[in-house]
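What follows is query38.txt (compact mmCIF, C-alpha atoms).
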```txt
# COMPACT_ATOMS: atom_id res chain seq x y z
CA MET X 582 31.98 78.97 -5.26
CA THR X 583 29.81 78.88 -2.11
CA ARG X 584 31.37 82.07 -0.80
CA SER X 585 30.82 83.84 -4.13
CA TYR X 586 27.18 82.78 -4.24
CA THR X 587 26.61 83.97 -0.66
CA GLU X 588 28.20 87.34 -1.40
CA TRP X 589 26.08 87.64 -4.54
CA ARG X 590 22.89 86.99 -2.54
CA ARG X 591 23.87 89.56 0.05
CA GLY X 592 24.57 92.13 -2.64
CA ALA X 593 21.25 91.37 -4.32
CA ALA X 594 19.43 91.80 -1.00
CA CYS X 595 21.16 95.16 -0.41
CA ARG X 596 20.22 96.35 -3.90
CA ARG X 597 16.64 95.17 -3.40
CA ASN X 598 16.32 96.99 -0.07
CA ALA X 599 17.81 100.15 -1.58
CA TRP X 600 15.30 99.99 -4.42
CA ARG X 601 12.42 99.53 -1.98
CA ALA X 602 13.61 102.53 0.02
CA ARG X 603 13.53 104.65 -3.12
CA VAL X 604 10.11 103.40 -4.20
CA ARG X 605 8.37 103.49 -0.84
CA ARG X 606 7.34 107.01 0.13
CA THR X 607 6.81 108.27 3.62
CA PRO X 608 3.52 110.06 4.50
CA GLU X 609 5.44 113.34 4.55
CA GLN X 610 6.74 112.71 1.05
CA LYS X 611 3.25 111.84 -0.15
CA GLU X 612 1.85 115.02 1.38
CA ALA X 613 4.56 117.06 -0.34
CA GLU X 614 3.60 115.70 -3.76
CA PRO X 615 1.42 118.05 -5.82
CA ALA X 616 -2.25 117.14 -6.08
CA GLY X 617 -3.79 116.57 -9.50
CA PRO X 618 -2.25 116.42 -12.97
CA LEU X 619 0.90 118.25 -14.00
CA PRO X 620 1.49 120.15 -17.27
CA PHE X 621 3.19 117.08 -18.76
CA ALA X 622 -0.13 115.22 -18.54
CA LEU X 623 -1.42 117.24 -21.52
CA LEU X 624 1.56 116.56 -23.77
CA PRO X 625 0.86 112.89 -24.71
CA TRP X 626 -2.37 114.05 -26.38
CA LEU X 627 -0.24 115.46 -29.17
CA LEU X 628 -0.28 111.88 -30.49
CA LEU X 629 -3.74 112.72 -31.89
CA GLY X 630 -1.87 114.55 -34.64
CA MET X 631 0.08 111.46 -35.70
CA GLY X 632 -2.14 111.11 -38.77
CA ALA X 633 -0.90 114.47 -40.03
CA PHE X 634 2.71 113.45 -39.36
CA SER X 635 2.12 110.23 -41.28
CA ASN X 636 0.80 112.13 -44.28
CA LEU X 637 3.82 114.44 -44.22
CA PHE X 638 6.37 111.62 -44.05
CA GLN X 639 4.64 109.54 -46.72
CA GLY X 640 4.48 112.47 -49.13
CA GLU X 641 0.68 112.44 -49.25
CA THR X 642 0.42 116.10 -48.31
CA PRO X 643 0.65 118.79 -51.00
CA ASN X 644 3.07 121.57 -50.15
CA PRO X 645 4.62 119.63 -47.23
CA LEU X 646 6.80 122.57 -46.19
CA LEU X 647 3.74 124.67 -45.42
CA GLY X 648 2.10 121.73 -43.61
CA GLY X 649 5.22 121.03 -41.58
CA LEU X 650 5.49 124.68 -40.60
CA GLY X 651 1.85 124.62 -39.50
CA VAL X 652 2.39 121.50 -37.39
CA LEU X 653 5.49 123.00 -35.78
CA THR X 654 3.63 126.23 -34.98
CA PHE X 655 0.63 124.38 -33.56
CA ASN X 656 2.73 122.05 -31.38
CA SER X 657 4.87 124.89 -30.08
CA CYS X 658 1.81 126.93 -29.10
CA TYR X 659 0.16 123.86 -27.58
CA VAL X 660 3.17 123.13 -25.35
CA TYR X 661 3.38 126.81 -24.38
CA VAL X 662 -0.28 126.93 -23.37
CA ALA X 663 -0.17 123.57 -21.57
CA VAL X 664 2.78 124.59 -19.40
CA ARG X 665 1.31 127.98 -18.51
CA SER X 666 -2.23 126.76 -17.83
CA PHE X 667 -1.40 125.43 -14.34
CA VAL X 668 -0.52 128.84 -12.92
CA LYS X 669 -3.41 131.31 -12.68
CA GLU X 670 -1.38 134.43 -13.44
CA LYS X 671 0.27 132.83 -16.48
CA ARG X 672 -2.98 131.24 -17.63
CA GLU X 673 -4.72 134.63 -17.70
CA ALA X 674 -1.79 136.41 -19.37
CA VAL X 675 -2.25 138.01 -22.78
CA SER X 676 0.50 135.87 -24.31
CA THR X 677 -1.42 132.69 -23.44
CA ARG X 678 -4.58 134.00 -25.10
CA VAL X 679 -2.55 135.03 -28.17
CA ALA X 680 -1.08 131.53 -28.39
CA LEU X 681 -4.61 130.08 -28.30
CA ALA X 682 -5.70 132.41 -31.09
CA VAL X 683 -2.69 131.41 -33.21
CA MET X 684 -3.54 127.74 -32.62
CA ALA X 685 -7.12 128.37 -33.75
CA VAL X 686 -6.00 130.08 -36.97
CA VAL X 687 -3.44 127.38 -37.76
CA THR X 688 -5.94 124.59 -37.02
CA CYS X 689 -8.56 126.10 -39.30
CA GLY X 690 -6.02 126.60 -42.09
CA LEU X 691 -4.64 123.03 -41.86
CA ALA X 692 -8.07 121.40 -41.55
CA LEU X 693 -9.54 123.39 -44.46
CA GLY X 694 -6.47 122.86 -46.63
CA TYR X 695 -5.85 119.16 -46.02
CA GLY X 696 -8.83 117.56 -44.26
CA GLY X 697 -8.54 113.95 -43.17
CA GLY X 698 -6.33 113.41 -40.14
CA TRP X 699 -5.57 117.13 -39.98
CA VAL X 700 -9.06 117.72 -38.62
CA GLN X 701 -7.93 115.98 -35.41
CA PHE X 702 -6.12 119.16 -34.43
CA PHE X 703 -9.51 120.56 -33.35
CA PRO X 704 -9.84 118.22 -30.32
CA LEU X 705 -6.25 119.18 -29.43
CA LEU X 706 -7.25 122.83 -29.66
CA GLY X 707 -10.17 121.97 -27.35
CA LEU X 708 -7.76 120.46 -24.82
CA ALA X 709 -5.67 123.60 -24.80
CA THR X 710 -8.77 125.80 -24.53
CA GLY X 711 -10.14 123.80 -21.60
CA ALA X 712 -6.79 124.08 -19.84
CA ALA X 713 -6.37 127.82 -20.37
CA LEU X 714 -9.87 129.26 -19.88
CA ARG X 715 -12.26 129.34 -16.93
CA GLY X 716 -15.77 130.55 -16.21
CA ARG X 717 -17.92 132.27 -18.83
CA PRO X 718 -15.12 132.68 -21.40
CA LEU X 719 -14.68 128.91 -21.31
CA ARG X 720 -18.37 128.23 -21.94
CA LEU X 721 -18.67 130.69 -24.81
CA THR X 722 -15.36 129.72 -26.40
CA GLY X 723 -16.09 126.00 -26.00
CA ILE X 724 -19.41 126.29 -27.85
CA ALA X 725 -17.94 128.51 -30.56
CA LEU X 726 -14.99 126.15 -31.01
CA ALA X 727 -17.27 123.11 -31.35
CA VAL X 728 -19.40 124.90 -33.97
CA LEU X 729 -16.27 125.99 -35.84
CA ALA X 730 -14.83 122.46 -35.78
CA GLY X 731 -18.09 121.00 -37.11
CA ALA X 732 -18.33 123.60 -39.88
CA VAL X 733 -14.73 123.10 -41.02
CA ALA X 734 -15.01 119.30 -40.86
CA TYR X 735 -18.29 119.46 -42.83
CA VAL X 736 -16.36 120.81 -45.82
CA HIS X 737 -14.42 117.56 -46.15
CA GLU X 738 -16.54 114.97 -44.30
CA GLY X 739 -20.12 116.16 -44.72
CA TRP X 740 -22.35 115.33 -41.78
CA GLY X 741 -19.55 113.23 -40.37
CA GLY X 742 -18.11 116.50 -39.15
CA ILE X 743 -20.56 116.33 -36.24
CA GLU X 744 -18.25 113.74 -34.66
CA THR X 745 -15.37 116.22 -34.82
CA ALA X 746 -17.53 118.92 -33.27
CA TYR X 747 -18.60 116.60 -30.47
CA ALA X 748 -15.01 115.42 -29.83
CA THR X 749 -13.83 119.04 -29.70
CA TRP X 750 -16.55 120.06 -27.24
CA ILE X 751 -15.98 117.00 -25.01
CA SER X 752 -12.20 117.50 -24.92
CA THR X 753 -12.70 121.15 -23.95
CA ILE X 754 -15.20 120.51 -21.15
CA VAL X 755 -13.58 117.38 -19.70
CA THR X 756 -10.14 118.99 -19.56
CA ALA X 757 -11.55 122.08 -17.85
CA VAL X 758 -13.49 120.01 -15.30
CA ILE X 759 -10.48 117.85 -14.42
CA LEU X 760 -8.19 120.83 -13.97
CA ILE X 761 -10.77 122.80 -11.98
CA MET X 762 -11.23 119.83 -9.66
CA SER X 763 -7.46 119.43 -9.26
CA GLU X 764 -7.18 123.14 -8.41
CA ALA X 765 -9.92 122.72 -5.82
CA VAL X 766 -8.05 119.76 -4.33
CA ARG X 767 -4.86 121.81 -4.12
CA GLU X 768 -6.71 124.66 -2.43
CA LEU X 769 -8.33 122.26 0.04
CA ARG X 770 -4.95 120.70 0.81
CA ALA X 771 -3.44 124.15 1.36
CA ALA X 772 -6.37 125.07 3.62
CA ARG X 773 -5.94 121.84 5.58
CA GLU X 774 -2.24 122.48 6.04
CA GLU X 775 -2.97 126.01 7.21
CA LEU X 776 -5.58 124.75 9.69
CA ALA X 777 -3.12 122.15 10.97
CA ARG X 778 -0.43 124.80 11.38
CA ARG X 779 -2.81 127.08 13.26
CA ALA X 780 -3.95 124.18 15.44
CA VAL X 781 -0.34 123.45 16.39
CA GLU X 782 0.31 127.10 17.17
CA LYS X 783 -2.90 127.30 19.20
CA GLU X 784 -1.96 124.20 21.15
CA ARG X 785 1.51 125.53 21.89
CA LEU X 786 -0.04 128.77 23.12
CA ARG X 787 -2.51 126.85 25.29
CA PHE X 788 0.15 124.69 26.84
CA SER X 789 2.56 127.57 27.49
CA ARG X 790 -0.20 129.66 29.07
CA ASP X 791 -1.49 126.84 31.22
CA LEU X 792 1.93 125.81 32.43
CA HIS X 793 3.07 129.36 33.09
CA ASP X 794 -0.16 130.22 34.88
CA LEU X 795 -0.20 127.10 37.02
CA LEU X 796 3.46 127.32 38.02
CA GLY X 797 3.32 131.06 38.65
CA HIS X 798 0.32 130.83 40.96
CA THR X 799 1.49 127.68 42.71
CA LEU X 800 5.02 128.92 43.29
CA SER X 801 3.67 132.19 44.63
CA VAL X 802 1.52 130.33 47.17
CA ILE X 803 4.42 128.03 48.12
CA VAL X 804 6.75 131.00 48.64
CA VAL X 805 4.20 132.81 50.80
CA LYS X 806 3.47 129.75 52.92
CA SER X 807 7.17 128.93 53.22
CA GLU X 808 7.83 132.43 54.55
CA ALA X 809 4.95 132.03 57.00
CA ALA X 810 6.32 128.66 58.17
CA ARG X 811 9.77 130.17 58.65
CA ARG X 812 8.36 133.00 60.75
CA LEU X 813 6.21 130.67 62.87
CA ALA X 814 8.73 127.89 63.35
CA PRO X 815 10.71 129.40 66.34
CA GLY X 816 7.72 129.91 68.64
CA HIS X 817 4.68 128.29 66.99
CA LEU X 818 5.75 124.89 65.78
CA ASP X 819 2.22 123.55 65.31
CA ALA X 820 1.23 126.54 63.13
CA ALA X 821 4.45 126.15 61.12
CA LEU X 822 3.71 122.47 60.59
CA ALA X 823 0.23 123.39 59.38
CA GLN X 824 1.76 125.75 56.82
CA ILE X 825 4.17 123.00 55.73
CA ALA X 826 1.22 120.63 55.34
CA ASP X 827 -0.47 123.25 53.17
CA ILE X 828 2.69 123.48 51.06
CA GLU X 829 2.61 119.72 50.55
CA SER X 830 -1.07 119.89 49.58
CA VAL X 831 -0.46 122.74 47.15
CA GLY X 832 2.45 120.85 45.59
CA ARG X 833 0.39 117.70 45.10
CA GLN X 834 -2.46 119.70 43.60
CA ALA X 835 -0.01 121.45 41.29
CA LEU X 836 1.23 118.11 40.00
CA THR X 837 -2.35 117.06 39.24
CA GLU X 838 -3.08 120.35 37.46
CA ILE X 839 0.08 120.14 35.39
CA ARG X 840 -0.86 116.63 34.26
CA GLU X 841 -4.30 117.95 33.30
CA ALA X 842 -2.71 120.86 31.43
CA VAL X 843 -0.44 118.50 29.50
CA THR X 844 -3.37 116.32 28.41
CA GLY X 845 -5.50 119.37 27.59
CA TYR X 846 -8.29 118.83 30.11
CA ARG X 847 -7.46 121.54 32.64
CA GLU X 848 -10.43 123.67 33.78
CA SER X 849 -10.63 126.25 36.49
CA SER X 850 -13.48 126.22 39.03
CA LEU X 851 -14.86 129.34 40.68
CA ALA X 852 -15.61 127.67 44.03
CA THR X 853 -12.19 126.01 44.14
CA GLU X 854 -10.38 129.20 43.21
CA LEU X 855 -12.27 131.17 45.88
CA ASP X 856 -11.18 128.65 48.51
CA ARG X 857 -7.58 128.79 47.30
CA ALA X 858 -7.72 132.58 47.20
CA ARG X 859 -8.78 132.70 50.83
CA SER X 860 -5.93 130.36 51.83
CA ALA X 861 -3.29 132.21 49.76
CA LEU X 862 -4.37 135.65 51.00
CA THR X 863 -4.40 134.53 54.62
CA ALA X 864 -0.94 133.00 54.34
CA ALA X 865 0.35 136.22 52.75
CA GLY X 866 -0.97 138.30 55.63
CA VAL X 867 -3.80 139.79 53.56
CA GLU X 868 -7.24 139.80 55.14
CA PRO X 869 -9.68 138.19 52.69
CA SER X 870 -13.34 139.16 52.29
CA ILE X 871 -15.32 136.93 49.95
CA SER X 872 -19.04 137.19 49.19
CA ARG X 873 -21.35 135.60 46.63
CA SER X 874 -24.90 136.56 45.71
CA GLY X 875 -27.34 136.25 42.84
CA THR X 876 -28.34 133.38 40.60
CA PRO X 877 -26.03 130.38 40.05
CA VAL X 878 -23.87 130.53 36.94
CA GLU X 879 -23.20 127.87 34.34
CA PRO X 880 -19.95 125.84 34.54
CA GLN X 881 -18.43 127.60 31.52
CA THR X 882 -19.00 131.02 33.08
CA ALA X 883 -17.77 129.81 36.47
CA ALA X 884 -14.58 128.46 34.85
CA LEU X 885 -13.79 131.81 33.24
CA LEU X 886 -14.43 133.67 36.49
CA GLY X 887 -12.20 131.17 38.30
CA TRP X 888 -9.30 132.17 36.06
CA VAL X 889 -9.97 135.83 36.83
CA VAL X 890 -9.89 135.12 40.58
CA ARG X 891 -6.64 133.17 40.25
CA GLU X 892 -4.91 135.88 38.23
CA ALA X 893 -6.14 138.80 40.34
CA VAL X 894 -5.31 137.15 43.68
CA THR X 895 -1.87 136.11 42.45
CA ASN X 896 -1.14 139.71 41.51
CA VAL X 897 -2.38 140.90 44.90
CA VAL X 898 -0.06 138.47 46.71
CA ARG X 899 2.96 139.19 44.54
CA HIS X 900 2.75 142.89 43.75
CA SER X 901 0.26 144.93 45.73
CA GLY X 902 1.56 145.01 49.31
CA ALA X 903 -2.09 145.09 50.41
CA THR X 904 -3.49 144.25 53.83
CA ARG X 905 -7.07 143.61 52.73
CA CYS X 906 -8.57 142.06 49.61
CA GLY X 907 -12.26 141.82 48.79
CA ILE X 908 -13.75 139.41 46.27
CA THR X 909 -17.41 139.90 45.34
CA VAL X 910 -19.48 137.75 42.99
CA SER X 911 -22.94 139.12 42.18
CA GLY X 912 -25.33 138.06 39.48
CA THR X 913 -28.59 138.80 37.73
CA PRO X 914 -30.65 136.41 35.59
CA ARG X 915 -28.60 137.56 32.56
CA HIS X 916 -25.17 138.67 33.77
CA VAL X 917 -22.68 137.95 36.54
CA ARG X 918 -20.05 140.36 37.87
CA LEU X 919 -16.83 139.56 39.71
CA THR X 920 -14.93 142.31 41.50
CA VAL X 921 -11.54 141.93 43.18
CA THR X 922 -10.29 144.96 45.13
CA ASP X 923 -7.31 145.57 47.42
CA ASP X 924 -5.95 148.45 49.46
CA GLY X 925 -2.39 148.14 48.24
CA THR X 926 -0.16 150.50 46.32
CA GLY X 927 -2.22 150.25 43.15
CA ALA X 928 0.52 148.29 41.38
CA SER X 929 -1.16 144.90 41.32
CA CYS X 930 -0.41 144.71 37.63
CA ALA X 931 1.22 148.00 36.71
CA ASP X 932 -1.36 149.87 34.62
CA GLY X 933 -3.56 146.86 34.03
CA GLY X 934 -1.61 145.81 30.95
CA GLY X 935 0.07 142.68 32.29
CA THR X 936 0.10 139.66 30.04
CA GLY X 937 -2.22 137.69 32.34
CA LEU X 938 -4.91 140.36 32.47
CA THR X 939 -4.50 141.06 28.76
CA GLY X 940 -5.14 137.40 27.92
CA LEU X 941 -8.13 137.36 30.26
CA ARG X 942 -9.53 140.51 28.69
CA GLU X 943 -9.36 138.97 25.21
CA ARG X 944 -10.86 135.73 26.42
CA LEU X 945 -13.79 137.35 28.20
CA ALA X 946 -14.44 139.64 25.25
CA ALA X 947 -14.66 136.61 22.95
CA ALA X 948 -17.15 135.04 25.37
CA GLY X 949 -19.38 138.12 25.28
CA GLY X 950 -18.06 139.71 28.47
CA SER X 951 -15.57 142.34 29.53
CA LEU X 952 -12.72 142.89 31.98
CA THR X 953 -11.42 146.17 33.38
CA ALA X 954 -8.45 146.67 35.66
CA GLY X 955 -6.94 149.78 37.18
CA PRO X 956 -6.51 151.90 40.31
CA GLY X 957 -9.60 152.05 42.51
CA ALA X 958 -11.48 155.27 43.27
CA GLY X 959 -10.37 155.18 46.93
CA GLY X 960 -6.91 153.79 46.25
CA GLY X 961 -5.64 150.29 45.76
CA PHE X 962 -6.39 148.27 42.65
CA THR X 963 -9.65 146.92 41.23
CA VAL X 964 -10.31 144.15 38.73
CA THR X 965 -13.88 143.83 37.42
CA ALA X 966 -15.14 141.06 35.15
CA GLU X 967 -18.63 140.77 33.63
CA LEU X 968 -19.98 137.79 31.73
CA PRO X 969 -23.31 136.40 30.55
CA VAL X 970 -24.71 133.83 32.95
CA ASP X 971 -24.45 131.15 30.25
CA VAL X 972 -21.56 131.41 27.79
CA ALA X 973 -21.82 127.80 26.61
CA GLU X 974 -22.78 129.00 23.13
CA GLN X 975 -20.23 131.81 23.10
CA ARG X 976 -16.98 131.38 21.26
CA SER X 977 -14.13 131.04 23.75
CA TYR X 978 -10.85 132.90 23.30
CA GLU X 979 -8.93 129.73 22.56
CA GLY X 980 -11.57 128.56 20.10
CA ALA X 981 -11.89 124.85 19.47
CA LYS X 982 -8.53 124.00 20.95
CA VAL X 983 -6.74 120.96 19.67
CA PRO X 984 -4.27 118.98 21.74
CA TYR X 985 -1.08 117.67 20.22
CA ALA X 986 -2.81 114.63 18.78
CA GLY X 987 -5.42 116.85 17.09
CA ALA X 988 -8.49 116.07 19.22
CA PRO X 989 -10.67 118.87 20.62
CA SER X 990 -9.96 120.01 24.13
CA THR X 991 -11.55 122.16 26.78
CA PRO X 992 -10.57 125.81 26.99
CA THR X 993 -7.93 126.77 29.47
CA GLY X 994 -6.58 129.86 31.13
CA PRO X 995 -4.31 132.74 30.30
CA THR X 996 -0.73 133.20 31.23
CA LEU X 997 0.31 134.68 34.54
CA GLY X 998 1.18 138.35 34.52
CA PRO X 999 4.65 139.43 35.56
```
Encoded form using structure tokens:
Amino acid sequence: MTRSYTEWRRGAACRRNAWRARVRRTPEQKEAEPAGPLPFALLPWLLLGMGAFSNLFQGETPNPLLGGLGVLTFNSCYVYVAVRSFVKEKREAVSTRVALAVMAVVTCGLALGYGGGWVQFFPLLGLATGAALRGRPLRLTGIALAVLAGAVAYVHEGWGGIETAYATWISTIVTAVILIMSEAVRELRAAREELARRAVEKERLRFSRDLHDLLGHTLSVIVVKSEAARRLAPGHLDAALAQIADIESVGRQALTEIREAVTGYRESSLATELDRARSALTAAGVEPSISRSGTPVEPQTAALLGWVVREAVTNVVRHSGATRCGITVSGTPRHVRLTVTDDGTGASCADGGGTGLTGLRERLAAAGGSLTAGPGAGGGFTVTAELPVDVAEQRSYEGAKVPYAGAPSTPTGPTLGP
């Protein structure tokens, strides 16, 4: 007996847990549920016509066959309109409007012929009208329907027909308002889902660009400095050790930048990138020439120019075969210009269409600036970037970027060109 009772309790607990699992919905399941009422929400209102059914079954209605046919026609049209009213294309179809017209004719005929509970088909007609019409047609039809209901009810009920007119008008307007609000909720939910999807895509793009850009630049510098250390090691051990120390420093800095990129708070700095450019160019055997003049620029502008320096110098080191590289930053009270030139083969980034420069071009254009890249007049390759001195109010290329958790983040850089 004890064993049977224990097994019964275990079975009951399993059934209870299974029932809870079916009842409890996850947030994803709740999000997937449609917002607002469904077509079936309009069907229970057919109970308003129970008085007419009662008269038919009790034999209180003259010519019950005609009355029953009218009830069947009205209910069929009502269900048809209710189901189609939740889809805009079906709601505005001619067949839906024809069904409404048939309901109006049948309602008038039944109410005029029988009176009493048959007049309650007018509020039902109002429900269907409020579900199927929108805008000006709804207002005009709602008023006309209320007047018609009052006039028909007046024949049997006198001034008591005003109640029927009011009930018809209220059922029309309230149904329309509820369904319009539910449609607005559905549209807002769809817009929210679209914004969330775009935010995820934008974050993936940000992370892939940051990571690719950081690793591409860092690995290029490490390769160049490793080659320099290998060349210097046989006869200049101290210089080779200095290059190895630089490699260690670059590696540590890369780790920090990757952590910042992952958390979404990575920003480039013009001064930092100029210092790194000098070090990378020198290690690659390229003679650097860096000059700055003009008014100071705002941090947002300096960050964008820092990305341009990083991308252009990386391309010089990896592709150009240059011996000299000049970086010039000049500014006016309104604009600042950055120019990076080299005396290489002119192939720093093919024809200027590399993915890194393309991303930079789009980003600077969105910030109110421009970027041009191509062979220089005297040979080599030239990258020129122009920006307003203050782009804090400009819209960055990445927009209001959202990290994985959904919080806003600072804009980051483009991907590294091949």
Next on the checklist: Please compute the atom CA of Leu776 of chain X-atom CA of Ala757 of chain X distance, one decimal, in Å.
Outcome noted: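 Atom CA of Ala757 of chain X lies at a distance of 28.3 Å from atom CA of Leu776 of chain X.
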Checklist outcome for this item: Shortest contact to Phe962 of chain X, candidates X:Arg905, X:Arg859, X:Arg915, X:Arg942, atoms counted only C-alpha atoms, goes to X:Arg905
Next on the checklist: Counting all atoms listed in the file, which residue out of X:Leu822, X:Val831, X:Ala903, X:Val660 sits closest to Gly925 of chain X?
Outcome noted: X:Ala903
Compile the contact shell of segment 719-734 of chain X as a compact mmCIF listing (two decimals) with C-alpha atoms, in the frame of the given file: residues with an atom at most 9 Å away, counting all atoms listed in the file, same-chain residues fewer than 3 positions apart removed.
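Output file result-v1.txt is given in full below:
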```txt
# COMPACT_ATOMS: atom_id res chain seq x y z
CA ALA X 685 -7.12 128.37 -33.75
CA CYS X 689 -8.56 126.10 -39.30
CA ALA X 692 -8.07 121.40 -41.55
CA LEU X 693 -9.54 123.39 -44.46
CA GLY X 696 -8.83 117.56 -44.26
CA GLY X 697 -8.54 113.95 -43.17
CA VAL X 700 -9.06 117.72 -38.62
CA PHE X 703 -9.51 120.56 -33.35
CA PRO X 704 -9.84 118.22 -30.32
CA LEU X 706 -7.25 122.83 -29.66
CA GLY X 707 -10.17 121.97 -27.35
CA THR X 710 -8.77 125.80 -24.53
CA GLY X 711 -10.14 123.80 -21.60
CA ALA X 713 -6.37 127.82 -20.37
CA LEU X 714 -9.87 129.26 -19.88
CA ARG X 715 -12.26 129.34 -16.93
CA GLY X 716 -15.77 130.55 -16.21
CA HIS X 737 -14.42 117.56 -46.15
CA GLU X 738 -16.54 114.97 -44.30
CA GLY X 739 -20.12 116.16 -44.72
CA TRP X 740 -22.35 115.33 -41.78
CA GLY X 741 -19.55 113.23 -40.37
CA GLY X 742 -18.11 116.50 -39.15
CA ILE X 743 -20.56 116.33 -36.24
CA GLU X 744 -18.25 113.74 -34.66
CA THR X 745 -15.37 116.22 -34.82
CA ALA X 746 -17.53 118.92 -33.27
CA TYR X 747 -18.60 116.60 -30.47
CA ALA X 748 -15.01 115.42 -29.83
CA THR X 749 -13.83 119.04 -29.70
CA TRP X 750 -16.55 120.06 -27.24
CA ILE X 751 -15.98 117.00 -25.01
CA THR X 753 -12.70 121.15 -23.95
CA ILE X 754 -15.20 120.51 -21.15
CA ALA X 757 -11.55 122.08 -17.85
```
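Here atom CA of Gly651 of chain X and atom CA of Leu691 of chain X stand 7.1 Å from one another.
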Item to check | atom CA of His817 of chain X to atom CA of Ser830 of chain X, distance in Å rounded to a single decimal | outcome: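 If I compute the distance from atom CA of His817 of chain X to atom CA of Ser830 of chain X, I get 20.2 Å.
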